[in-house]
file input.txt (compact mmCIF, C-alpha atoms)
# COMPACT_ATOMS: atom_id res chain seq x y z
CA MET A 1 16.80 3.24 8.37
CA SER A 2 16.01 0.75 5.66
CA ARG A 3 12.33 0.85 6.47
CA GLN A 4 12.30 4.63 6.10
CA MET A 5 14.20 4.75 2.87
CA LEU A 6 12.49 1.76 1.31
CA PRO A 7 9.14 1.46 3.02
CA ARG A 8 7.47 -1.90 2.95
CA VAL A 9 4.17 -2.26 1.18
CA PHE A 10 1.42 -4.79 1.11
CA LEU A 11 0.81 -6.82 -2.02
CA SER A 12 -1.82 -5.10 -4.10
CA GLN A 13 -3.20 -4.91 -7.60
CA PRO A 14 -4.33 -1.73 -9.32
CA LEU A 15 -8.11 -1.47 -9.03
CA GLN A 16 -8.27 -5.02 -7.55
CA ASN A 17 -7.32 -6.47 -10.94
CA GLY A 18 -8.15 -10.15 -11.03
CA VAL A 19 -10.92 -10.17 -8.43
CA SER A 20 -13.70 -10.26 -11.01
CA ARG A 21 -11.82 -10.05 -14.29
CA TYR A 22 -8.17 -9.81 -15.20
CA THR A 23 -6.79 -7.15 -17.52
CA CYS A 24 -3.25 -7.30 -18.75
CA GLN A 25 -1.53 -4.23 -17.35
CA LEU A 26 1.23 -4.19 -19.92
CA LYS A 27 0.29 -1.84 -22.75
CA ARG A 28 3.40 -1.32 -24.80
CA ILE A 29 6.72 -3.10 -24.99
CA THR A 30 9.68 -1.83 -26.98
CA LEU A 31 12.82 -3.80 -27.72
CA LYS A 32 15.69 -1.47 -28.42
CA PHE A 33 18.76 -3.17 -29.86
CA CYS A 34 21.73 -2.65 -32.11
CA LYS A 35 21.98 -4.45 -35.42
CA PHE A 36 25.71 -4.87 -35.24
CA ARG A 37 27.18 -4.88 -31.73
CA PRO A 38 27.79 -8.22 -29.96
CA ASN A 39 25.93 -7.35 -26.76
CA SER A 40 22.69 -7.23 -28.77
CA LEU A 41 23.22 -10.73 -30.11
CA GLY A 42 20.64 -12.24 -27.79
CA ALA A 43 18.08 -9.64 -28.76
CA ARG A 44 18.73 -10.21 -32.46
CA GLU A 45 18.42 -13.99 -32.04
CA PHE A 46 15.21 -13.52 -30.10
CA ILE A 47 13.76 -11.63 -33.05
CA GLU A 48 15.13 -13.96 -35.73
CA ASN A 49 13.99 -17.15 -33.97
CA GLY A 50 10.44 -15.92 -34.22
CA ASP A 51 9.98 -15.59 -30.44
CA PHE A 52 9.16 -11.92 -30.77
CA LEU A 53 6.37 -12.60 -33.26
CA GLU A 54 5.13 -15.45 -31.09
CA PHE A 55 4.88 -13.07 -28.15
CA ALA A 56 3.13 -10.43 -30.23
CA ARG A 57 0.59 -12.93 -31.60
CA ALA A 58 -0.06 -14.44 -28.19
CA ASN A 59 -0.64 -10.99 -26.68
CA PRO A 60 -2.79 -8.88 -29.02
CA GLN A 61 -3.47 -6.51 -26.11
CA VAL A 62 0.17 -5.42 -26.03
CA ALA A 63 1.66 -3.09 -28.63
CA CYS A 64 5.08 -4.52 -29.49
CA TYR A 65 7.73 -2.34 -31.06
CA LEU A 66 11.23 -2.95 -32.31
CA LYS A 67 13.66 -0.06 -32.24
CA PRO A 68 17.06 -0.61 -33.80
CA ARG A 69 19.53 1.94 -32.42
CA ARG A 70 23.08 2.16 -33.56
CA ASN A 71 25.90 1.74 -31.01
CA ARG A 72 23.64 1.48 -27.98
CA PRO A 73 23.23 -1.42 -25.56
CA PRO A 74 19.99 -3.41 -25.82
CA VAL A 75 17.12 -2.46 -23.54
CA LEU A 76 13.58 -3.63 -22.98
CA GLN A 77 11.11 -0.85 -22.23
CA ALA A 78 7.72 -1.79 -20.85
CA GLU A 79 4.89 0.72 -20.37
CA PHE A 80 1.96 -0.10 -18.13
CA ALA A 81 -1.61 0.98 -17.66
CA ASN A 82 -0.79 3.05 -14.57
CA GLY A 83 1.64 5.12 -16.60
CA SER A 84 4.84 3.68 -15.21
CA VAL A 85 7.74 2.70 -17.43
CA GLN A 86 10.10 -0.11 -16.57
CA LEU A 87 13.42 -0.72 -18.23
CA ALA A 88 15.23 -4.02 -18.35
CA ARG A 89 18.83 -4.10 -19.46
CA ILE A 90 19.36 -7.16 -21.62
CA ASP A 91 23.03 -6.46 -22.33
CA SER A 92 24.68 -9.70 -23.56
CA PHE A 93 21.73 -11.84 -22.53
CA PRO A 94 21.05 -15.07 -24.37
CA ALA A 95 17.87 -15.15 -26.43
CA GLU A 96 16.10 -17.37 -23.90
CA PHE A 97 16.60 -14.77 -21.15
CA VAL A 98 15.23 -12.02 -23.38
CA ARG A 99 12.19 -14.19 -24.00
CA ARG A 100 11.70 -14.67 -20.27
CA TRP A 101 11.94 -10.94 -19.62
CA PHE A 102 9.23 -10.34 -22.21
CA TRP A 103 6.86 -12.76 -20.52
CA LEU A 104 7.77 -11.41 -17.09
CA MET A 105 6.80 -7.87 -18.12
CA ARG A 106 3.55 -9.22 -19.45
CA GLY A 107 2.63 -10.42 -15.96
CA ARG A 108 3.60 -7.25 -14.09
CA SER A 109 1.23 -4.57 -12.89
CA GLY A 110 3.59 -1.64 -13.30
CA ASP A 111 3.73 -0.89 -9.57
CA ASP A 112 7.13 -0.05 -8.15
CA LEU A 113 9.16 -3.00 -6.96
CA LEU A 114 9.27 -2.46 -3.21
CA PRO A 115 9.92 -4.84 -0.33
CA LEU A 116 6.80 -6.57 0.89
CA HIS A 117 5.56 -7.11 4.40
CA GLU A 118 4.42 -10.56 3.31
CA ASN A 119 4.39 -12.41 0.02
CA LEU A 120 0.69 -13.13 0.46
CA ARG A 121 -2.24 -10.89 1.08
CA SER A 122 -5.80 -11.71 1.92
CA PHE A 123 -8.68 -9.53 3.05
CA HIS A 124 -10.22 -12.59 4.66
CA PRO A 125 -7.27 -14.39 6.22
CA SER A 126 -9.41 -16.44 8.57
CA VAL A 127 -11.93 -19.07 7.51
CA GLN A 128 -12.71 -20.50 10.94
CA GLY A 129 -12.76 -17.15 12.69
CA VAL A 130 -9.87 -15.34 14.33
CA TRP A 131 -8.96 -16.63 17.78
CA THR A 132 -10.55 -14.82 20.70
CA PRO A 133 -10.43 -15.68 24.41
CA PHE A 134 -13.96 -17.04 23.95
CA THR A 135 -13.20 -19.40 21.03
CA PHE A 136 -12.77 -22.51 23.16
CA GLY A 137 -15.13 -21.48 25.91
CA ARG A 138 -14.10 -19.09 28.58
CA SER A 139 -10.89 -20.92 29.49
CA VAL A 140 -8.39 -18.07 29.44
CA GLY A 141 -8.42 -14.88 31.44
CA LEU A 142 -10.59 -16.42 34.17
CA GLY A 143 -10.18 -15.11 37.68
CA ASP A 144 -11.73 -13.06 40.44
CA LEU A 145 -10.84 -9.50 41.22
CA PRO A 146 -9.08 -8.29 43.32
CA ASP A 147 -6.28 -10.70 42.42
CA SER A 148 -3.33 -10.97 44.77
CA ARG A 149 -0.98 -11.14 41.75
CA HIS A 150 -2.00 -7.67 40.58
CA ARG A 151 0.01 -5.60 43.05
CA PRO A 152 0.58 -1.93 42.29
CA MET A 153 4.21 -0.85 42.21
CA SER A 154 3.95 1.88 44.84
CA PRO A 155 2.18 1.42 48.20
CA SER A 156 -1.17 3.10 48.76
CA ALA A 157 -1.64 5.90 51.32
CA THR A 158 -3.21 3.49 53.81
CA GLU A 159 -0.28 1.11 53.51
CA LEU A 160 2.21 3.97 53.91
CA ILE A 161 0.56 5.06 57.14
CA GLN A 162 0.46 1.48 58.38
CA GLN A 163 4.19 1.10 57.59
CA LEU A 164 4.96 4.34 59.46
CA HIS A 165 2.92 3.13 62.43
CA ARG A 166 4.79 -0.16 62.52
CA LEU A 167 8.17 1.60 62.40
CA GLN A 168 7.12 4.00 65.12
CA SER A 169 5.88 1.17 67.35
CA ALA A 170 9.14 -0.68 66.82
CA ARG A 171 11.13 2.44 67.80
CA MET A 172 8.99 3.14 70.85
CA SER A 173 9.16 -0.40 72.19
CA MET B 1 30.12 22.12 -7.41
CA HIS B 2 26.37 22.31 -7.31
CA LEU B 3 24.90 25.26 -9.14
CA THR B 4 21.49 26.68 -8.32
CA CYS B 5 18.67 25.95 -10.74
CA PRO B 6 18.69 29.16 -12.80
CA LEU B 7 22.45 28.82 -13.23
CA TRP B 8 22.28 25.12 -14.11
CA VAL B 9 23.80 25.71 -17.50
CA ARG B 10 27.06 23.91 -16.89
CA ARG B 11 26.85 20.59 -18.69
CA ILE B 12 29.23 18.21 -16.95
CA PRO B 13 30.42 15.44 -19.26
CA LYS B 14 29.50 11.99 -17.99
CA ILE B 15 33.08 10.86 -17.40
CA TYR B 16 33.63 13.74 -14.93
CA ARG B 17 30.20 13.70 -13.35
CA ASN B 18 30.86 11.27 -10.55
CA ASN B 19 34.13 12.96 -9.56
CA ASP B 20 32.38 16.13 -8.53
CA PRO B 21 32.11 16.03 -4.71
CA PHE B 22 28.47 17.11 -4.91
CA TYR B 23 27.45 13.69 -6.18
CA LEU B 24 28.98 11.69 -3.37
CA ARG B 25 27.58 14.01 -0.73
CA ASN B 26 24.16 13.94 -2.35
CA LEU B 27 24.22 10.16 -2.25
CA TYR B 28 24.74 10.16 1.52
CA LEU B 29 22.13 12.85 1.96
CA GLN B 30 19.61 10.77 0.03
CA PHE B 31 20.08 8.03 2.58
CA SER B 32 19.83 10.46 5.48
CA PHE B 33 16.58 11.93 4.27
CA LEU B 34 14.43 11.14 7.30
CA PHE B 35 17.03 11.52 10.02
CA ARG B 36 16.70 13.89 12.92
CA GLY B 37 18.08 17.42 12.88
CA ARG B 38 21.17 18.42 10.96
CA SER B 39 22.17 14.85 10.27
CA SER B 40 19.58 14.91 7.53
CA ARG B 41 20.87 18.14 5.98
CA CYS B 42 24.61 18.44 6.53
CA PHE B 43 26.95 16.01 4.82
CA ARG B 44 29.63 15.89 7.51
CA LEU B 45 27.09 14.77 10.11
CA ALA B 46 25.04 12.68 7.72
CA GLU B 47 28.04 10.61 6.61
CA GLN B 48 28.57 9.32 10.17
CA ARG B 49 24.91 8.58 10.81
CA VAL B 50 24.41 6.88 7.46
CA ILE B 51 27.42 4.60 7.92
CA LYS B 52 26.12 3.67 11.37
CA ALA B 53 22.66 3.05 9.93
CA PHE B 54 24.13 0.67 7.36
CA GLN B 55 25.94 -1.19 10.14
CA HIS B 56 22.67 -1.50 12.04
CA MET B 57 20.94 -2.84 8.94
CA ASN B 58 23.62 -5.48 8.51
CA ALA B 59 23.60 -6.48 12.15
CA MET B 60 19.82 -6.74 12.30
CA ARG B 61 19.53 -9.35 9.57
CA ALA B 62 20.51 -12.27 11.81
CA VAL B 63 18.78 -10.77 14.85
CA ARG B 64 15.50 -10.35 12.95
CA LYS B 65 15.30 -14.07 12.21
CA ASP B 66 15.93 -14.98 15.84
CA ARG B 67 13.35 -12.53 17.09
CA PHE B 68 10.72 -13.77 14.69
CA LYS B 69 11.43 -17.32 15.79
CA GLN B 70 11.05 -16.28 19.44
CA LEU B 71 7.76 -14.57 18.66
CA CYS B 72 6.44 -17.65 16.88
CA ASP B 73 7.52 -19.85 19.80
CA GLU B 74 5.75 -17.59 22.28
CA ARG B 75 2.55 -17.62 20.28
CA ILE B 76 2.60 -21.39 19.79
CA ASP B 77 3.30 -21.87 23.48
CA ALA B 78 0.38 -19.66 24.47
CA ALA B 79 -1.99 -21.37 22.05
CA CYS B 80 -0.91 -24.85 23.16
CA ALA B 81 -1.23 -23.90 26.83
CA GLN B 82 -4.93 -23.46 26.28
CA HIS B 83 -5.11 -27.08 25.20
CA GLY B 84 -2.86 -28.28 27.99
CA ILE B 85 0.39 -29.15 26.22
CA PRO B 86 3.69 -27.28 26.03
CA GLY B 87 4.65 -25.67 22.73
CA LYS B 88 7.83 -27.73 22.38
CA MET B 89 5.78 -30.91 22.64
CA LEU B 90 3.68 -29.80 19.70
CA ILE B 91 6.65 -29.00 17.49
CA ASP B 92 8.46 -32.19 18.46
CA GLY B 93 5.35 -34.36 18.09
CA LEU B 94 4.46 -32.99 14.65
CA GLY B 95 8.02 -33.59 13.53
CA ARG B 96 7.91 -37.18 14.69
CA MET B 97 4.66 -37.74 12.83
CA ASN B 98 6.20 -36.25 9.67
CA ILE B 99 3.72 -33.39 9.64
CA GLN B 100 5.87 -30.70 8.12
CA LEU B 101 4.55 -27.43 9.45
CA ASN B 102 7.08 -24.83 10.44
CA ARG B 103 6.77 -22.35 13.29
CA LYS B 104 5.57 -19.57 11.01
CA MET B 105 2.64 -21.62 9.72
CA LEU B 106 1.79 -22.99 13.16
CA GLN B 107 1.46 -19.52 14.63
CA GLN B 108 -0.65 -18.41 11.66
CA LEU B 109 -2.93 -21.39 12.22
CA ALA B 110 -3.11 -20.67 15.93
CA ILE B 111 -4.30 -17.13 15.24
CA TYR B 112 -6.50 -17.53 12.18
CA GLU B 113 -7.61 -21.20 12.22
CA PRO B 114 -7.92 -22.06 15.90
CA TYR B 115 -9.92 -25.25 15.35
CA SER B 116 -7.31 -26.63 12.95
CA PHE B 117 -4.70 -25.83 15.54
CA LYS B 118 -6.74 -27.66 18.16
CA SER B 119 -6.88 -30.70 15.90
CA LEU B 120 -3.09 -30.61 15.62
CA THR B 121 -2.78 -30.55 19.41
CA ASP B 122 -5.19 -33.50 19.54
CA LEU B 123 -2.96 -35.42 17.13
CA VAL B 124 0.06 -34.74 19.31
CA LYS B 125 -1.81 -35.82 22.46
CA GLN B 126 -2.92 -39.01 20.70
CA TYR B 127 0.64 -39.75 19.58
CA HIS B 128 2.00 -39.30 23.08
CA SER B 129 -0.81 -41.25 24.76
CA GLU B 130 -0.03 -44.20 22.46
CA LEU B 131 3.50 -44.06 23.82
CA GLY B 132 2.20 -43.80 27.37
CA ILE B 133 3.05 -40.11 27.91
CA VAL B 134 0.13 -38.10 29.27
CA PRO B 135 0.48 -34.33 29.67
CA PRO B 136 -0.78 -33.40 33.15
CA ASN B 137 -3.19 -30.54 32.44
CA ALA B 138 -4.56 -31.77 29.14
CA GLU B 139 -8.04 -32.98 28.35
CA PRO B 140 -7.86 -36.40 26.72
CA PRO B 141 -8.37 -36.21 22.95
CA ALA B 142 -11.42 -37.69 21.24
CA PRO B 143 -10.95 -41.45 20.79
CA VAL B 144 -9.70 -42.12 17.28
CA VAL B 145 -8.64 -45.40 15.68
CA THR B 146 -5.15 -44.73 14.34
CA ARG B 147 -3.95 -48.30 13.67
CA GLY B 148 -0.41 -47.30 14.50
CA LEU B 149 -0.19 -44.81 11.64
CA LEU B 150 0.95 -42.03 13.94
CA GLN B 151 3.81 -44.11 15.24
CA SER B 152 5.02 -45.14 11.80
CA PRO B 153 4.32 -42.20 9.55
CA ILE B 154 4.72 -42.31 5.80
CA VAL B 155 8.17 -40.92 5.08
CA PRO B 156 10.09 -41.14 1.80
CA GLY B 157 11.98 -44.19 3.04
CA ASN B 158 9.01 -46.41 3.93
CA ARG B 159 6.56 -45.36 1.25
CA LYS B 160 6.70 -48.79 -0.41
CA TYR B 161 5.04 -50.41 2.61
CA TYR B 162 1.92 -48.36 2.02
CA GLU B 163 1.50 -48.99 -1.67

call {"tool": "encode", "arguments": {"input": "input.txt", "output": "C-alpha cells"}}
result
Amino acid sequence: MSRQMLPRVFLSQPLQNGVSRYTCQLKRITLKFCKFRPNSLGAREFIENGDFLEFARANPQVACYLKPRRNRPPVLQAEFANGSVQLARIDSFPAEFVRRWFWLMRGRSGDDLLPLHENLRSFHPSVQGVWTPFTFGRSVGLGDLPDSRHRPMSPSATELIQQLHRLQSARMS
Amino acid sequence: MHLTCPLWVRRIPKIYRNNDPFYLRNLYLQFSFLFRGRSSRCFRLAEQRVIKAFQHMNAMRAVRKDRFKQLCDERIDAACAQHGIPGKMLIDGLGRMNIQLNRKMLQQLAIYEPYSFKSLTDLVKQYHSELGIVPPNAEPPAPVVTRGLLQSPIVPGNRKYYE
C-alpha cells in the first residue's frame, strides 16, 4: 500500500539542471516571525546577528523578504522556479537551525519530497559495459539441444501411447 | 457531517473540526484510495483494509532487508561461479584482506563493472592460493607479486608498520 500512496521516484532535476550549467531554483524566501512571542526568538536572533543579510548578500538571485506578523508562529516560506511553495516551521528553533534551513532551501529544486528508488541516479551507470553472457567469452549458457535436463512437465502423445502399451503388455502377460 | 459543495457554507471552527466524524473517515479513505472495489469507497470496509495494510507495511520492513540481502547473495554467487569460486569465498576473502565492499556494491560491480569484479575474484584466488587453498573449477589468476600484502592487510591497528 505504501508504494501506491507514496510512489517512489527516481532522482531528477528540473530541466537537467546542473548538467551544463547550474541555476539556483530558489526564487523567493520569506521569513515570517513575530516581534514579541518567545517561539520566534530564534528567528529574531537570526535577523539581528546579521545572518539574514549575509544570506541575502551571498545569494543575489534570491529575493529575501521579512514579514513580521503579530501572534503567529514563525515560518519559512520558500518559492521555487517550478512554482512550488515549501513551508518550514521554525517554531522555537535556535538561530543556527534557522540559518541551516535557509541554506537548505537554497539548495532545493522545489520538487516534492518523495521516497526514492535509489539515492543515486546515472544515465550511464556502466563504464566497462553491462555484463552479458558474452562478456568473458561464451562461458555461460553453453550446451547442446535437446538437453536431458529440459524435460516438459506433461508427457508427449508418443510417450503416453508407449506407457499405455507397457501397461497393457504387463496386464496381458 | 459533510455538506455538498454548493451547500458548503457551514464554517466549522478549528477546535471542532477534527471531532466531526467526516474527518476521521476521510483520513482512512485517503489511504484506501487505490484499493479494490468498495474498500476504496466505503469507510466501514476501508477501515479494516487500511489497518491491515499498515500492518503489512510494518511487517515488511525487516523482510525487505532480508530479501534484498538474499538477492545480492544470489547475484554475487552467479557472478563468482563464472570465475570458478563460490560467492561466500569472495565475501569472506575480501573481508580478510580488509577490502570493505558490502554486498550491495559487489552486486552492482558484478552487473555494471564486470572486469572490476573479475579483478576482485582474482585477488581472492591469489589470497587463497598463498594459503594453499585452490578452488577446484577456477582458472589460476595472473601471477602477481604481492609480497605478503594480501595476508597482512593495512588495518587501523597495524598502520604504523607501513609508514

call {"tool": "residues_around", "arguments": {"input": "input.txt", "residues": "Arg8 (chain A)", "least_positions_apart": "4", "cutoff": "8 Å", "atoms": "only C-alpha atoms", "output": "list in words"}}
result
Arg3, Leu114, Pro115, Leu116 and His117 of chain A

call {"tool": "axis_aligned_box", "arguments": {"input": "input.txt", "around": "region 58-76 of chain B", "padding_each_side": "3 Å", "output": "AutoDock Vina command-line options"}}
result
--center_x 13.1 --center_y -13.4 --center_z 15.4 --size_x 27.1 --size_y 21.9 --size_z 19.8

call {"tool": "atom_distance", "arguments": {"input": "input.txt", "atom1": "CA of Ala142 (chain B)", "atom2": "CA of Gly84 (chain B)"}}
result
14.4 Å

call {"tool": "residues_near_point", "arguments": {"input": "input.txt", "point": "(21.7, 4.6, 2.2)", "cutoff": "9 Å", "atoms": "only C-alpha atoms", "output": "number ranges by chain"}}
result
A: 1-2, 5; B: 27-32, 50-51, 53-54

call {"tool": "residues_around", "arguments": {"input": "input.txt", "residues": "region 93-103 of chain B", "least_positions_apart": "4", "cutoff": "10 Å", "atoms": "all atoms listed in the file", "output": "list of chain:residue names"}}
result
B:Phe68, B:Lys69, B:Gln70, B:Leu71, B:Cys72, B:Asp73, B:Arg75, B:Ile76, B:Gly87, B:Lys88, B:Met89, B:Gln107, B:Gln108, B:Leu109, B:Leu120, B:Thr121, B:Leu123, B:Val124, B:Lys125, B:Gln126, B:Tyr127, B:His128, B:Leu149, B:Leu150, B:Gln151, B:Ser152, B:Pro153, B:Ile154, B:Val155

call {"tool": "closest_residue", "arguments": {"input": "input.txt", "among": "B:Ile85, B:Ala138, B:Ala79, B:Leu24", "to": "chain A", "atoms": "all atoms listed in the file"}}
result
B:Ala79

call {"tool": "atom_distance", "arguments": {"input": "input.txt", "atom1": "CA of Leu26 (chain A)", "atom2": "CA of Val62 (chain A)"}}
result
6.3 Å

call {"tool": "residues_near_point", "arguments": {"input": "input.txt", "point": "(-8.2, -17.9, 5.0)", "cutoff": "12 Å", "atoms": "only C-alpha atoms", "output": "count of residues only"}}
result
18

call {"tool": "closest_residue", "arguments": {"input": "input.txt", "among": "A:Ser169, A:Thr158, A:Ser139, A:Ser148", "to": "chain B", "atoms": "only C-alpha atoms"}}
result
A:Ser139

call {"tool": "residues_around", "arguments": {"input": "input.txt", "residues": "region 69-78 of chain A", "least_positions_apart": "5", "cutoff": "9 Å", "atoms": "all atoms listed in the file", "output": "NGL selection string"}}
result
:A and (26-37 or 39-40 or 43 or 84-92 or 98 or 101-102 or 105-106 or 110)

call {"tool": "residues_around", "arguments": {"input": "input.txt", "residues": "Trp103 (chain A)", "least_positions_apart": "4", "cutoff": "8 Å", "atoms": "all atoms listed in the file", "output": "ChimeraX atom specification"}}
result
/A:55,99,107

call {"tool": "closest_residue", "arguments": {"input": "input.txt", "among": "B:Leu45, B:Ile91, B:Met60, B:Val145", "to": "chain A", "atoms": "only C-alpha atoms"}}
result
B:Met60

call {"tool": "closest_residue", "arguments": {"input": "input.txt", "among": "A:Glu45, A:Asp147, A:Asp112, A:Glu118", "to": "chain B", "atoms": "all atoms listed in the file"}}
result
A:Glu118

call {"tool": "atom_distance", "arguments": {"input": "input.txt", "atom1": "CA of Arg36 (chain B)", "atom2": "CA of Lys65 (chain B)"}}
result
28.0 Å

call {"tool": "closest_residue", "arguments": {"input": "input.txt", "among": "B:Gln82, B:Ser39, B:Asp20, B:Lys160", "to": "Pro133 (chain A)", "atoms": "all atoms listed in the file"}}
result
B:Gln82

call {"tool": "closest_residue", "arguments": {"input": "input.txt", "among": "A:Gly143, A:Gly18, A:Gly137, A:Pro155", "to": "chain B", "atoms": "only C-alpha atoms"}}
result
A:Gly137

call {"tool": "decode", "arguments": {"input": "input.txt", "residues": "region 134-151 of chain B", "atoms": "N, CA and C atoms", "output": "short mmCIF file (atom, residue, chain, number, x, y, z; two decimals), in the first residue's frame"}}
result
data_model
loop_
_atom_site.label_atom_id
_atom_site.label_comp_id
_atom_site.auth_asym_id
_atom_site.auth_seq_id
_atom_site.Cartn_x
_atom_site.Cartn_y
_atom_site.Cartn_z
N VAL B 134 43.08 -24.03 -3.11
CA VAL B 134 42.84 -23.83 -4.54
C VAL B 134 41.41 -24.23 -4.86
N PRO B 135 40.58 -23.31 -5.32
CA PRO B 135 39.21 -23.69 -5.70
C PRO B 135 39.26 -24.62 -6.90
N PRO B 136 38.43 -25.66 -6.94
CA PRO B 136 38.58 -26.72 -7.93
C PRO B 136 38.35 -26.29 -9.38
N ASN B 137 37.30 -25.47 -9.62
CA ASN B 137 36.96 -25.17 -11.01
C ASN B 137 37.57 -23.88 -11.51
N ALA B 138 38.44 -23.26 -10.72
CA ALA B 138 38.87 -21.90 -11.07
C ALA B 138 40.08 -21.93 -11.97
N GLU B 139 40.14 -20.96 -12.88
CA GLU B 139 41.40 -20.72 -13.60
C GLU B 139 42.37 -20.06 -12.64
N PRO B 140 43.66 -20.38 -12.74
CA PRO B 140 44.59 -19.70 -11.84
C PRO B 140 44.70 -18.23 -12.21
N PRO B 141 44.84 -17.35 -11.22
CA PRO B 141 44.90 -15.91 -11.54
C PRO B 141 46.24 -15.56 -12.17
N ALA B 142 46.32 -14.40 -12.77
CA ALA B 142 47.57 -13.95 -13.38
C ALA B 142 48.63 -13.82 -12.27
N PRO B 143 49.86 -14.22 -12.55
CA PRO B 143 50.88 -14.18 -11.48
C PRO B 143 51.20 -12.74 -11.11
N VAL B 144 51.05 -12.44 -9.85
CA VAL B 144 51.28 -11.08 -9.33
C VAL B 144 52.18 -11.17 -8.12
N VAL B 145 53.13 -10.25 -8.00
CA VAL B 145 53.99 -10.22 -6.82
C VAL B 145 53.27 -9.43 -5.73
N THR B 146 52.90 -10.10 -4.66
CA THR B 146 52.13 -9.41 -3.62
C THR B 146 52.96 -9.08 -2.39
N ARG B 147 54.09 -9.76 -2.23
CA ARG B 147 54.98 -9.52 -1.08
C ARG B 147 54.24 -9.63 0.26
N GLY B 148 53.31 -10.55 0.30
CA GLY B 148 52.62 -10.79 1.57
C GLY B 148 51.64 -9.72 1.99
N LEU B 149 51.36 -8.76 1.09
CA LEU B 149 50.47 -7.66 1.49
C LEU B 149 49.03 -8.12 1.62
N LEU B 150 48.67 -9.17 0.87
CA LEU B 150 47.30 -9.66 1.00
C LEU B 150 47.10 -10.34 2.34
N GLN B 151 48.14 -11.00 2.82
CA GLN B 151 47.99 -11.74 4.07
C GLN B 151 48.00 -10.83 5.27
#
